[in-house]
Amino acid sequence: MGRSRRTLPEELLLLALDPTTGTTAQPQSLDLGLAGAQLVELALAGRIAPDGDRIAVVAPRPTGDPTLDCALELLRRRGAPVRAVNWIGGPRLGLRQTYLSHLERCGMVHAVAGQMCGVLPTTRYQATDTEISREIRSRLDSAIRTGVPPDPRTAALAALAHAVGLGKHLYPGNEGRSSRSRLRDLIRHDPMGGLVAHAVMDVQNGAVAQPRRSPAPAGRPATAGVRSAPEPARGVPMQPRHGSMTRAVVH
């Protein structure tokens with residue numbers, strides 16, 4: 001995969017970046033969305049494919065994007081298709097900062113140092129090339145306005161934007177209600193985007209499906225099912241506790 005084309009995680013992050021404050025909208029759900037956007041990008045690259053509600057690796061060769069290739073390798077190591085909701089619900093701490101740093105290196109954003117409460121150092125990010133952000137936004141606007149089925153990449157971006165709650169950021173107030181509704185409807189135009197978007201929303205709602213139970217042996221009552229917790233992503237470093245942080249990044 002060439003690096004001349006922006007990836008879906010990068011586009012989603014640019015959509016979420018507030019041009020005035022330099023912070024990102026919906027920061028907690030955005031982290032889930034970025035993990036989901038990686039899956040869609042890998043699917044568009046032909047490396048993974050949906051298998052029911054699971055994700056299967058179909059071509060493990062690298063894409064050329066280090067961050068995507070790390071996710072692809074983690075999926076490959078699982079050895080079996082992974083439930084999308086468990087993958088997205090696993091820890092992806094630091095993923096947003098990884099993409100912000102990449103966008104900064106590419107010259108799409110620049111870091112602005114500041115302080116929180118006059119003491120704790122913070123970093124905000126301002127878009128340097130607003131034309132790129134406008135082009136991304138115009139694709140969504142066009143799909144919403146015309147009603148013409150969008151290309152898979154734009155459909156997936158719309159699905160992810162809806163899933164992480166960017167609709168009220170992009171189309172605020174009562175006047176944006178119909179646009180938010182049409183943004184939600186675009187989720188049906190890309191199967192992988194739809195699968196991932198629903199998984200993102202399920203994780204946010206805590207709706208991780210219960211595992212299927214085997215029949216209880218004769219004479220022994222069946223035990224109640226236990227809701228499965230999201231599987232952590234192996235190989236992903238844990239973030240330090242808040243008390244150990246010496247620098248805050250404000251998104």
# chains A, B, ... in the order shown; residues from 1 in each chain; ligands from 1

call {"tool": "residues_around", "arguments": {"residues": "region 173-184 of chain A", "least_positions_apart": "6", "cutoff": "9 Å", "atoms": "only C-alpha atoms", "output": "ChimeraX atom specification"}}
result
/A:140-141,143-145,147,158-159,161-163,167

call {"tool": "write_last_selection", "arguments": {"atoms": "N, CA and C atoms", "output": "short mmCIF file (atom, residue, chain, number, x, y, z; two decimals), in the first residue's frame"}}
result
data_model
loop_
_atom_site.label_atom_id
_atom_site.label_comp_id
_atom_site.auth_asym_id
_atom_site.auth_seq_id
_atom_site.Cartn_x
_atom_site.Cartn_y
_atom_site.Cartn_z
N LEU A 140 -18.37 13.17 2.60
CA LEU A 140 -19.51 12.80 3.42
C LEU A 140 -20.73 13.65 3.06
N ASP A 141 -20.50 14.96 2.93
CA ASP A 141 -21.61 15.85 2.59
C ASP A 141 -22.27 15.46 1.28
N ALA A 143 -22.32 12.47 -0.17
CA ALA A 143 -23.07 11.22 -0.01
C ALA A 143 -24.39 11.46 0.71
N ILE A 144 -24.38 12.35 1.69
CA ILE A 144 -25.60 12.66 2.43
C ILE A 144 -26.58 13.45 1.57
N ARG A 145 -26.06 14.41 0.82
CA ARG A 145 -26.90 15.32 0.07
C ARG A 145 -27.52 14.66 -1.17
N GLY A 147 -27.67 11.28 -1.96
CA GLY A 147 -28.31 9.99 -1.80
C GLY A 147 -27.74 8.91 -2.70
N ALA A 158 -18.22 7.03 6.84
CA ALA A 158 -19.50 7.49 7.38
C ALA A 158 -19.98 6.59 8.51
N ALA A 159 -19.85 5.27 8.32
CA ALA A 159 -20.27 4.32 9.35
C ALA A 159 -19.48 4.53 10.63
N ALA A 161 -17.83 7.30 11.53
CA ALA A 161 -18.15 8.61 12.09
C ALA A 161 -19.42 8.54 12.91
N HIS A 162 -20.42 7.83 12.39
CA HIS A 162 -21.67 7.67 13.14
C HIS A 162 -21.43 6.86 14.41
N ALA A 163 -20.67 5.78 14.29
CA ALA A 163 -20.47 4.87 15.43
C ALA A 163 -19.79 5.56 16.61
N GLY A 167 -21.46 12.51 14.45
CA GLY A 167 -22.56 13.14 13.76
C GLY A 167 -22.94 14.48 14.38
#

call {"tool": "residues_around", "arguments": {"residues": "Thr23 (chain A)", "least_positions_apart": "4", "cutoff": "9 Å", "atoms": "only C-alpha atoms", "output": "count of residues only"}}
result
10

call {"tool": "closest_atom_pairs", "arguments": {"of": "region 149-173 of chain A", "to": "region 31-40 of chain A", "cutoff": "9 Å", "atoms": "only C-alpha atoms", "output": "CSV"}}
result
residue,atom,partner,partner_atom,distance
A:Arg153,CA,A:Val40,CA,8.5
A:Ala156,CA,A:Val40,CA,7.3
A:Leu157,CA,A:Ala37,CA,7.9
A:Leu160,CA,A:Gly33,CA,6.1
A:Ala161,CA,A:Gly33,CA,7.9
A:Ala163,CA,A:Gly33,CA,7.4
A:Val164,CA,A:Gly33,CA,6.0

call {"tool": "select_by_dssp", "arguments": {"residues": "region 65-125 of chain A", "states": "helix (DSSP H, G or I)", "output": "ChimeraX atom specification"}}
result
/A:66-78,84-89,95-105

call {"tool": "atom_distance", "arguments": {"atom1": "CA of Gly165 (chain A)", "atom2": "CA of Gln28 (chain A)"}}
result
10.3 Å

call {"tool": "closest_residue", "arguments": {"among": "A:Asn86, A:Gln26, A:Ser101, A:Thr7", "to": "Lys168 (chain A)", "atoms": "only C-alpha atoms"}}
result
A:Gln26

call {"tool": "residues_around", "arguments": {"residues": "Leu72 (chain A)", "least_positions_apart": "6", "cutoff": "9 Å", "atoms": "only C-alpha atoms", "output": "PyMOL selection string"}}
result
chain A and resi 38-39+42+47-48+57+60-63

call {"tool": "write_last_selection", "arguments": {"atoms": "N, CA and C atoms", "output": "PDB file, in the first residue's frame"}}
result
ATOM      1  N   GLN A  38      -8.790   0.684  11.380  1.00  0.00           N
ATOM      2  CA  GLN A  38      -7.667  -0.148  10.945  1.00  0.00           C
ATOM      3  C   GLN A  38      -8.178  -1.436  10.297  1.00  0.00           C
ATOM      4  N   LEU A  39      -9.205  -2.031  10.902  1.00  0.00           N
ATOM      5  CA  LEU A  39      -9.755  -3.261  10.334  1.00  0.00           C
ATOM      6  C   LEU A  39     -10.332  -3.013   8.946  1.00  0.00           C
ATOM      7  N   LEU A  42      -7.528  -2.568   6.432  1.00  0.00           N
ATOM      8  CA  LEU A  42      -6.916  -3.852   6.113  1.00  0.00           C
ATOM      9  C   LEU A  42      -7.826  -4.666   5.189  1.00  0.00           C
ATOM     10  N   ARG A  47      -6.331  -7.768   3.017  1.00  0.00           N
ATOM     11  CA  ARG A  47      -5.578  -8.562   3.994  1.00  0.00           C
ATOM     12  C   ARG A  47      -6.470  -9.333   4.952  1.00  0.00           C
ATOM     13  N   ILE A  48      -7.647  -8.817   5.247  1.00  0.00           N
ATOM     14  CA  ILE A  48      -8.588  -9.493   6.124  1.00  0.00           C
ATOM     15  C   ILE A  48      -9.968  -9.458   5.471  1.00  0.00           C
ATOM     16  N   VAL A  57      -7.912 -13.347   8.789  1.00  0.00           N
ATOM     17  CA  VAL A  57      -6.782 -12.934   7.961  1.00  0.00           C
ATOM     18  C   VAL A  57      -6.762 -13.806   6.722  1.00  0.00           C
ATOM     19  N   PRO A  60      -1.628 -12.476   4.792  1.00  0.00           N
ATOM     20  CA  PRO A  60      -0.836 -11.871   5.874  1.00  0.00           C
ATOM     21  C   PRO A  60       0.344 -11.022   5.424  1.00  0.00           C
ATOM     22  N   ARG A  61       0.528 -10.828   4.123  1.00  0.00           N
ATOM     23  CA  ARG A  61       1.689 -10.053   3.682  1.00  0.00           C
ATOM     24  C   ARG A  61       1.548  -8.593   4.119  1.00  0.00           C
ATOM     25  N   PRO A  62       2.644  -7.921   4.429  1.00  0.00           N
ATOM     26  CA  PRO A  62       2.593  -6.538   4.931  1.00  0.00           C
ATOM     27  C   PRO A  62       1.993  -5.575   3.919  1.00  0.00           C
ATOM     28  N   THR A  63       1.427  -4.496   4.438  1.00  0.00           N
ATOM     29  CA  THR A  63       0.846  -3.456   3.591  1.00  0.00           C
ATOM     30  C   THR A  63       1.842  -2.342   3.286  1.00  0.00           C
TER      31      THR A  63
END

call {"tool": "residues_around", "arguments": {"residues": "Val196 (chain A)", "least_positions_apart": "3", "cutoff": "7 Å", "atoms": "only C-alpha atoms", "output": "list in words"}}
result
Gly36, Ala84, Met192, Gly193, Ala199 and Val200 of chain A

call {"tool": "write_last_selection", "arguments": {"atoms": "N, CA, C and O atoms", "output": "PDB file, in the first residue's frame"}}
result
ATOM      1  N   GLY A  36     -11.240   0.232  14.859  1.00  0.00           N
ATOM      2  CA  GLY A  36     -12.132  -0.285  13.831  1.00  0.00           C
ATOM      3  C   GLY A  36     -11.736   0.157  12.442  1.00  0.00           C
ATOM      4  O   GLY A  36     -11.825  -0.610  11.479  1.00  0.00           O
ATOM      5  N   ALA A  84     -15.037  -9.314  16.053  1.00  0.00           N
ATOM      6  CA  ALA A  84     -14.765  -7.891  15.864  1.00  0.00           C
ATOM      7  C   ALA A  84     -14.967  -7.113  17.157  1.00  0.00           C
ATOM      8  O   ALA A  84     -14.185  -6.217  17.492  1.00  0.00           O
ATOM      9  N   MET A 192     -18.143  -4.475   5.532  1.00  0.00           N
ATOM     10  CA  MET A 192     -17.094  -4.470   6.546  1.00  0.00           C
ATOM     11  C   MET A 192     -17.232  -3.241   7.442  1.00  0.00           C
ATOM     12  O   MET A 192     -17.100  -3.329   8.664  1.00  0.00           O
ATOM     13  N   GLY A 193     -17.499  -2.091   6.827  1.00  0.00           N
ATOM     14  CA  GLY A 193     -17.695  -0.884   7.622  1.00  0.00           C
ATOM     15  C   GLY A 193     -18.866  -1.032   8.570  1.00  0.00           C
ATOM     16  O   GLY A 193     -18.819  -0.584   9.723  1.00  0.00           O
ATOM     17  N   ALA A 199     -19.789  -3.128  15.853  1.00  0.00           N
ATOM     18  CA  ALA A 199     -18.939  -3.616  16.935  1.00  0.00           C
ATOM     19  C   ALA A 199     -18.489  -2.468  17.830  1.00  0.00           C
ATOM     20  O   ALA A 199     -18.451  -2.602  19.060  1.00  0.00           O
ATOM     21  N   VAL A 200     -18.152  -1.324  17.233  1.00  0.00           N
ATOM     22  CA  VAL A 200     -17.762  -0.150  18.015  1.00  0.00           C
ATOM     23  C   VAL A 200     -18.906   0.267  18.934  1.00  0.00           C
ATOM     24  O   VAL A 200     -18.697   0.543  20.134  1.00  0.00           O
TER      25      VAL A 200
END

call {"tool": "residues_around", "arguments": {"residues": "Thr130 (chain A)", "least_positions_apart": "3", "cutoff": "12 Å", "atoms": "only C-alpha atoms", "output": "PyMOL selection string"}}
result
chain A and resi 14-15+17-20+107-110+126-127+133-137

call {"tool": "write_last_selection", "arguments": {"atoms": "all heavy atoms", "output": "CSV table (one decimal), in the first residue's frame"}}
result
chain,number,residue,atom,x,y,z
A,14,LEU,N,-8.8,13.2,11.4
A,14,LEU,CA,-8.9,14.6,10.9
A,14,LEU,C,-10.3,15.1,10.9
A,14,LEU,O,-10.6,16.3,11.2
A,14,LEU,CB,-8.4,14.6,9.4
A,14,LEU,CG,-6.9,14.5,9.2
A,14,LEU,CD1,-6.5,14.3,7.8
A,14,LEU,CD2,-6.2,15.7,9.8
A,15,LEU,N,-11.3,14.2,10.7
A,15,LEU,CA,-12.7,14.6,10.8
A,15,LEU,C,-13.0,15.0,12.3
A,15,LEU,O,-13.8,15.9,12.5
A,15,LEU,CB,-13.6,13.4,10.5
A,15,LEU,CG,-14.2,13.3,9.0
A,15,LEU,CD1,-15.1,12.1,8.9
A,15,LEU,CD2,-14.8,14.6,8.6
A,17,LEU,N,-11.0,16.2,14.5
A,17,LEU,CA,-10.1,17.3,15.0
A,17,LEU,C,-10.9,18.6,14.9
A,17,LEU,O,-11.3,19.0,13.8
A,17,LEU,CB,-8.8,17.3,14.3
A,17,LEU,CG,-7.7,18.2,14.9
A,17,LEU,CD1,-7.3,17.6,16.2
A,17,LEU,CD2,-6.5,18.2,13.9
A,18,ASP,N,-11.0,19.3,16.0
A,18,ASP,CA,-11.7,20.6,16.0
A,18,ASP,C,-10.7,21.7,15.6
A,18,ASP,O,-9.7,21.9,16.2
A,18,ASP,CB,-12.2,20.9,17.4
A,18,ASP,CG,-13.1,22.1,17.5
A,18,ASP,OD1,-12.7,23.2,17.0
A,18,ASP,OD2,-14.3,22.0,17.9
A,19,PRO,N,-11.0,22.4,14.5
A,19,PRO,CA,-10.1,23.4,14.0
A,19,PRO,C,-9.9,24.6,14.9
A,19,PRO,O,-8.9,25.3,14.8
A,19,PRO,CB,-10.7,23.8,12.6
A,19,PRO,CG,-12.1,23.5,12.8
A,19,PRO,CD,-12.2,22.3,13.7
A,20,THR,N,-10.8,24.8,15.8
A,20,THR,CA,-10.7,26.0,16.7
A,20,THR,C,-9.9,25.6,17.9
A,20,THR,O,-9.0,26.4,18.3
A,20,THR,CB,-12.1,26.5,17.0
A,20,THR,OG1,-12.8,26.8,15.8
A,20,THR,CG2,-12.0,27.7,17.9
A,107,GLY,N,3.0,16.7,8.1
A,107,GLY,CA,2.7,18.1,7.9
A,107,GLY,C,1.2,18.4,7.8
A,107,GLY,O,0.8,19.5,7.4
A,108,MET,N,0.4,17.5,8.2
A,108,MET,CA,-1.1,17.7,8.2
A,108,MET,C,-1.6,18.4,9.4
A,108,MET,O,-2.6,19.1,9.4
A,108,MET,CB,-1.8,16.4,8.0
A,108,MET,CG,-1.6,15.7,6.7
A,108,MET,SD,-2.6,14.2,6.4
A,108,MET,CE,-1.8,13.4,5.1
A,109,VAL,N,-0.9,18.3,10.5
A,109,VAL,CA,-1.2,19.0,11.8
A,109,VAL,C,0.1,19.5,12.4
A,109,VAL,O,1.2,19.0,12.1
A,109,VAL,CB,-2.0,18.1,12.8
A,109,VAL,CG1,-3.2,17.5,12.2
A,109,VAL,CG2,-1.1,17.0,13.3
A,110,HIS,N,0.0,20.4,13.3
A,110,HIS,CA,1.2,20.8,14.0
A,110,HIS,C,0.8,20.9,15.5
A,110,HIS,O,-0.3,21.3,15.9
A,110,HIS,CB,1.8,22.1,13.5
A,110,HIS,CG,1.0,23.3,13.9
A,110,HIS,ND1,-0.1,23.7,13.1
A,110,HIS,CD2,1.0,24.2,14.9
A,110,HIS,CE1,-0.7,24.8,13.6
A,110,HIS,NE2,0.0,25.1,14.7
A,126,GLN,N,-3.3,21.4,15.7
A,126,GLN,CA,-4.1,22.2,14.8
A,126,GLN,C,-3.8,21.7,13.4
A,126,GLN,O,-2.6,21.4,13.0
A,126,GLN,CB,-3.6,23.7,14.9
A,126,GLN,CG,-3.8,24.3,16.2
A,126,GLN,CD,-5.3,24.7,16.5
A,126,GLN,OE1,-6.1,24.6,15.6
A,126,GLN,NE2,-5.6,25.0,17.7
A,127,ALA,N,-4.8,21.7,12.6
A,127,ALA,CA,-4.7,21.2,11.2
A,127,ALA,C,-3.9,22.3,10.4
A,127,ALA,O,-4.2,23.5,10.5
A,127,ALA,CB,-6.0,21.0,10.5
A,133,SER,N,-8.9,18.4,5.1
A,133,SER,CA,-10.0,18.2,5.9
A,133,SER,C,-11.3,18.5,5.2
A,133,SER,O,-12.3,17.8,5.3
A,133,SER,CB,-9.9,19.0,7.2
A,133,SER,OG,-8.8,18.6,8.0
A,134,ARG,N,-11.3,19.6,4.4
A,134,ARG,CA,-12.5,20.0,3.6
A,134,ARG,C,-12.8,18.9,2.6
A,134,ARG,O,-14.0,18.6,2.3
A,134,ARG,CB,-12.3,21.3,3.0
A,134,ARG,CG,-12.4,22.5,3.9
A,134,ARG,CD,-12.6,23.8,3.1
A,134,ARG,NE,-11.4,24.1,2.3
A,134,ARG,CZ,-10.4,24.9,2.8
A,134,ARG,NH1,-10.4,25.4,4.0
A,134,ARG,NH2,-9.3,25.1,2.0
A,135,GLU,N,-11.8,18.3,2.0
A,135,GLU,CA,-12.1,17.3,1.0
A,135,GLU,C,-12.7,16.1,1.6
A,135,GLU,O,-13.6,15.5,1.0
A,135,GLU,CB,-10.7,16.9,0.3
A,135,GLU,CG,-10.9,15.9,-0.8
A,135,GLU,CD,-10.8,14.4,-0.3
A,135,GLU,OE1,-10.1,14.2,0.7
A,135,GLU,OE2,-11.5,13.6,-0.9
A,136,ILE,N,-12.2,15.7,2.8
A,136,ILE,CA,-12.8,14.5,3.5
A,136,ILE,C,-14.3,14.8,3.8
A,136,ILE,O,-15.2,14.0,3.6
A,136,ILE,CB,-12.0,14.2,4.8
A,136,ILE,CG1,-10.6,13.8,4.4
A,136,ILE,CG2,-12.7,13.1,5.6
A,136,ILE,CD1,-9.6,13.7,5.6
A,137,ARG,N,-14.5,16.0,4.4
A,137,ARG,CA,-15.8,16.4,4.8
A,137,ARG,C,-16.8,16.5,3.6
A,137,ARG,O,-17.9,16.1,3.7
A,137,ARG,CB,-15.8,17.7,5.5
A,137,ARG,CG,-17.1,18.4,5.9
A,137,ARG,CD,-17.8,17.6,6.9
A,137,ARG,NE,-19.1,18.2,7.2
A,137,ARG,CZ,-19.3,19.1,8.2
A,137,ARG,NH1,-18.2,19.5,8.9
A,137,ARG,NH2,-20.5,19.6,8.5

call {"tool": "atom_distance", "arguments": {"atom1": "CA of Ile55 (chain A)", "atom2": "CA of Pro81 (chain A)"}}
result
5.1 Å

call {"tool": "closest_residue", "arguments": {"among": "A:Ser29, A:Thr123, A:Arg6, A:Arg105", "to": "Gly89 (chain A)", "atoms": "only C-alpha atoms"}}
result
A:Ser29

call {"tool": "select_by_dssp", "arguments": {"residues": "region 19-214 of chain A", "states": "strand (DSSP E or B)", "output": "tab-separated table (two decimals) with all heavy atoms, in the first residue's frame"}}
result
chain	number	residue	atom	x	y	z
A	24	THR	N	-9.81	16.74	19.92
A	24	THR	CA	-10.60	15.80	19.14
A	24	THR	C	-11.94	15.57	19.81
A	24	THR	O	-12.03	15.43	21.03
A	24	THR	CB	-9.88	14.44	18.99
A	24	THR	OG1	-9.47	13.96	20.27
A	24	THR	CG2	-8.68	14.57	18.08
A	48	ILE	N	-7.65	-8.82	5.25
A	48	ILE	CA	-8.59	-9.49	6.12
A	48	ILE	C	-9.97	-9.46	5.47
A	48	ILE	O	-10.20	-8.71	4.51
A	48	ILE	CB	-8.65	-8.86	7.53
A	48	ILE	CG1	-9.19	-7.42	7.45
A	48	ILE	CG2	-7.28	-8.89	8.20
A	48	ILE	CD1	-9.39	-6.77	8.81
A	49	ALA	N	-10.88	-10.28	6.02
A	49	ALA	CA	-12.24	-10.32	5.49
A	49	ALA	C	-13.19	-10.70	6.62
A	49	ALA	O	-12.79	-11.39	7.57
A	49	ALA	CB	-12.36	-11.33	4.35
A	50	PRO	N	-14.45	-10.25	6.55
A	50	PRO	CA	-15.41	-10.64	7.58
A	50	PRO	C	-15.76	-12.11	7.46
A	50	PRO	O	-15.85	-12.67	6.37
A	50	PRO	CB	-16.62	-9.74	7.30
A	50	PRO	CG	-16.50	-9.37	5.86
A	50	PRO	CD	-15.03	-9.33	5.56
A	51	ASP	N	-15.95	-12.74	8.61
A	51	ASP	CA	-16.36	-14.14	8.68
A	51	ASP	C	-17.47	-14.21	9.73
A	51	ASP	O	-17.22	-14.48	10.89
A	51	ASP	CB	-15.17	-15.02	9.08
A	51	ASP	CG	-15.52	-16.50	9.13
A	51	ASP	OD1	-16.66	-16.85	8.76
A	51	ASP	OD2	-14.66	-17.30	9.56
A	54	ARG	N	-16.90	-12.24	12.89
A	54	ARG	CA	-15.47	-12.34	13.16
A	54	ARG	C	-14.65	-11.77	12.02
A	54	ARG	O	-15.15	-11.51	10.93
A	54	ARG	CB	-15.08	-13.80	13.43
A	54	ARG	CG	-15.75	-14.37	14.67
A	54	ARG	CD	-15.46	-15.85	14.88
A	54	ARG	NE	-16.15	-16.35	16.05
A	54	ARG	CZ	-15.60	-16.44	17.26
A	54	ARG	NH1	-14.34	-16.08	17.43
A	54	ARG	NH2	-16.29	-16.89	18.28
A	55	ILE	N	-13.36	-11.60	12.29
A	55	ILE	CA	-12.41	-11.08	11.32
A	55	ILE	C	-11.37	-12.16	11.05
A	55	ILE	O	-10.73	-12.66	11.97
A	55	ILE	CB	-11.70	-9.82	11.86
A	55	ILE	CG1	-12.73	-8.76	12.27
A	55	ILE	CG2	-10.73	-9.28	10.83
A	55	ILE	CD1	-13.59	-8.25	11.15
A	56	ALA	N	-11.20	-12.50	9.77
A	56	ALA	CA	-10.24	-13.54	9.39
A	56	ALA	C	-9.14	-12.93	8.53
A	56	ALA	O	-9.40	-12.12	7.64
A	56	ALA	CB	-10.94	-14.66	8.62
A	57	VAL	N	-7.91	-13.35	8.79
A	57	VAL	CA	-6.78	-12.93	7.96
A	57	VAL	C	-6.76	-13.81	6.72
A	57	VAL	O	-6.74	-15.03	6.81
A	57	VAL	CB	-5.45	-13.07	8.73
A	57	VAL	CG1	-4.27	-12.74	7.82
A	57	VAL	CG2	-5.45	-12.15	9.96
A	82	VAL	N	-11.12	-13.69	14.75
A	82	VAL	CA	-11.35	-12.98	16.00
A	82	VAL	C	-12.66	-12.23	15.93
A	82	VAL	O	-12.97	-11.60	14.90
A	82	VAL	CB	-10.19	-11.98	16.27
A	82	VAL	CG1	-10.40	-11.25	17.59
A	82	VAL	CG2	-8.85	-12.71	16.26
A	83	ARG	N	-13.44	-12.27	16.98
A	83	ARG	CA	-14.68	-11.50	17.01
A	83	ARG	C	-14.35	-10.02	16.94
A	83	ARG	O	-13.50	-9.53	17.69
A	83	ARG	CB	-15.48	-11.81	18.27
A	83	ARG	CG	-16.05	-13.22	18.33
A	83	ARG	CD	-16.89	-13.42	19.57
A	83	ARG	NE	-18.09	-12.58	19.52
A	83	ARG	CZ	-18.56	-11.91	20.57
A	83	ARG	NH1	-17.90	-11.92	21.72
A	83	ARG	NH2	-19.65	-11.19	20.45
A	109	VAL	N	-0.87	18.25	10.53
A	109	VAL	CA	-1.20	18.97	11.76
A	109	VAL	C	0.11	19.45	12.38
A	109	VAL	O	1.19	18.95	12.05
A	109	VAL	CB	-1.96	18.07	12.78
A	109	VAL	CG1	-3.24	17.52	12.19
A	109	VAL	CG2	-1.07	16.95	13.29
A	110	HIS	N	0.01	20.42	13.27
A	110	HIS	CA	1.19	20.81	14.04
A	110	HIS	C	0.81	20.90	15.51
A	110	HIS	O	-0.33	21.25	15.86
A	110	HIS	CB	1.78	22.13	13.54
A	110	HIS	CG	0.96	23.33	13.88
A	110	HIS	ND1	-0.11	23.74	13.10
A	110	HIS	CD2	1.03	24.22	14.91
A	110	HIS	CE1	-0.65	24.83	13.62
A	110	HIS	NE2	0.02	25.14	14.72
A	111	ALA	N	1.76	20.53	16.35
A	111	ALA	CA	1.52	20.48	17.80
A	111	ALA	C	1.66	21.88	18.39
A	111	ALA	O	2.55	22.64	18.02
A	111	ALA	CB	2.51	19.53	18.46
A	112	VAL	N	0.76	22.19	19.32
A	112	VAL	CA	0.79	23.47	20.03
A	112	VAL	C	0.91	23.16	21.51
A	112	VAL	O	0.00	22.56	22.11
A	112	VAL	CB	-0.48	24.30	19.76
A	112	VAL	CG1	-0.43	25.62	20.52
A	112	VAL	CG2	-0.66	24.54	18.26
A	113	ALA	N	2.02	23.55	22.10
A	113	ALA	CA	2.25	23.28	23.52
A	113	ALA	C	1.45	24.24	24.38
A	113	ALA	O	1.23	25.40	24.02
A	113	ALA	CB	3.74	23.40	23.85
A	114	GLY	N	1.00	23.77	25.52
A	114	GLY	CA	0.27	24.60	26.46
A	114	GLY	C	0.37	24.02	27.85
A	114	GLY	O	1.20	23.15	28.12
A	115	GLN	N	-0.48	24.50	28.73
A	115	GLN	CA	-0.50	24.02	30.10
A	115	GLN	C	-1.93	23.84	30.57
A	115	GLN	O	-2.82	24.62	30.21
A	115	GLN	CB	0.22	24.97	31.05
A	115	GLN	CG	1.74	24.97	30.89
A	115	GLN	CD	2.41	25.85	31.94
A	115	GLN	OE1	1.83	26.82	32.41
A	115	GLN	NE2	3.63	25.50	32.31
A	116	MET	N	-2.16	22.83	31.39
A	116	MET	CA	-3.45	22.60	32.01
A	116	MET	C	-3.37	23.10	33.45
A	116	MET	O	-2.47	22.70	34.21
A	116	MET	CB	-3.80	21.11	31.99
A	116	MET	CG	-5.16	20.78	32.59
A	116	MET	SD	-5.47	19.00	32.59
A	116	MET	CE	-5.52	18.67	30.83
A	120	LEU	N	0.38	21.57	34.38
A	120	LEU	CA	0.65	20.33	33.64
A	120	LEU	C	0.80	20.61	32.15
A	120	LEU	O	-0.11	21.18	31.54
A	120	LEU	CB	-0.50	19.34	33.86
A	120	LEU	CG	-0.32	17.94	33.29
A	120	LEU	CD1	0.84	17.23	33.95
A	120	LEU	CD2	-1.61	17.13	33.48
A	121	PRO	N	1.93	20.24	31.55
A	121	PRO	CA	2.12	20.48	30.12
A	121	PRO	C	1.09	19.71	29.28
A	121	PRO	O	0.77	18.56	29.57
A	121	PRO	CB	3.54	19.96	29.85
A	121	PRO	CG	4.20	19.92	31.18
A	121	PRO	CD	3.11	19.62	32.17
A	122	THR	N	0.56	20.35	28.27
A	122	THR	CA	-0.40	19.72	27.37
A	122	THR	C	0.02	19.99	25.93
A	122	THR	O	0.82	20.88	25.65
A	122	THR	CB	-1.82	20.27	27.59
A	122	THR	OG1	-1.83	21.67	27.27
A	122	THR	CG2	-2.28	20.07	29.02
A	123	THR	N	-0.54	19.22	25.03
A	123	THR	CA	-0.30	19.41	23.60
A	123	THR	C	-1.63	19.34	22.86
A	123	THR	O	-2.39	18.40	23.03
A	123	THR	CB	0.65	18.33	23.04
A	123	THR	OG1	1.87	18.33	23.77
A	123	THR	CG2	0.95	18.60	21.57
A	124	ARG	N	-1.89	20.37	22.06
A	124	ARG	CA	-3.05	20.38	21.18
A	124	ARG	C	-2.56	20.32	19.73
A	124	ARG	O	-1.40	20.62	19.46
A	124	ARG	CB	-3.90	21.64	21.42
A	124	ARG	CG	-4.46	21.74	22.83
A	124	ARG	CD	-5.20	23.06	23.06
A	124	ARG	NE	-5.63	23.18	24.43
A	124	ARG	CZ	-6.81	22.79	24.87
A	124	ARG	NH1	-7.68	22.26	24.02
A	124	ARG	NH2	-7.15	22.93	26.14
A	125	TYR	N	-3.45	19.93	18.85
A	125	TYR	CA	-3.06	19.75	17.46
A	125	TYR	C	-3.96	20.57	16.55
A	125	TYR	O	-5.18	20.44	16.60
A	125	TYR	CB	-3.11	18.27	17.08
A	125	TYR	CG	-2.04	17.46	17.76
A	125	TYR	CD1	-2.23	16.95	19.04
A	125	TYR	CD2	-0.80	17.23	17.14
A	125	TYR	CE1	-1.23	16.22	19.68
A	125	TYR	CE2	0.20	16.52	17.77
A	125	TYR	CZ	-0.02	16.02	19.03
A	125	TYR	OH	0.97	15.31	19.67
A	126	GLN	N	-3.34	21.41	15.74
A	126	GLN	CA	-4.05	22.24	14.78
A	126	GLN	C	-3.78	21.73	13.36
A	126	GLN	O	-2.64	21.41	13.02
A	126	GLN	CB	-3.60	23.71	14.89
A	126	GLN	CG	-3.84	24.33	16.25
A	126	GLN	CD	-5.30	24.68	16.49
A	126	GLN	OE1	-6.11	24.64	15.56
A	126	GLN	NE2	-5.65	25.01	17.72
A	127	ALA	N	-4.84	21.65	12.56
A	127	ALA	CA	-4.68	21.23	11.17
A	127	ALA	C	-3.91	22.30	10.40
A	127	ALA	O	-4.18	23.50	10.53
A	127	ALA	CB	-6.03	20.99	10.53

call {"tool": "closest_residue", "arguments": {"among": "A:Val85, A:Leu186, A:Ala155, A:Leu75", "to": "Asp53 (chain A)", "atoms": "only C-alpha atoms"}}
result
A:Val85

call {"tool": "closest_residue", "arguments": {"among": "A:Leu166, A:Ile132, A:Val148, A:Leu100", "to": "Gly22 (chain A)", "atoms": "only C-alpha atoms"}}
result
A:Leu100

call {"tool": "atom_distance", "arguments": {"atom1": "CA of Ala197 (chain A)", "atom2": "CA of Pro149 (chain A)"}}
result
17.6 Å
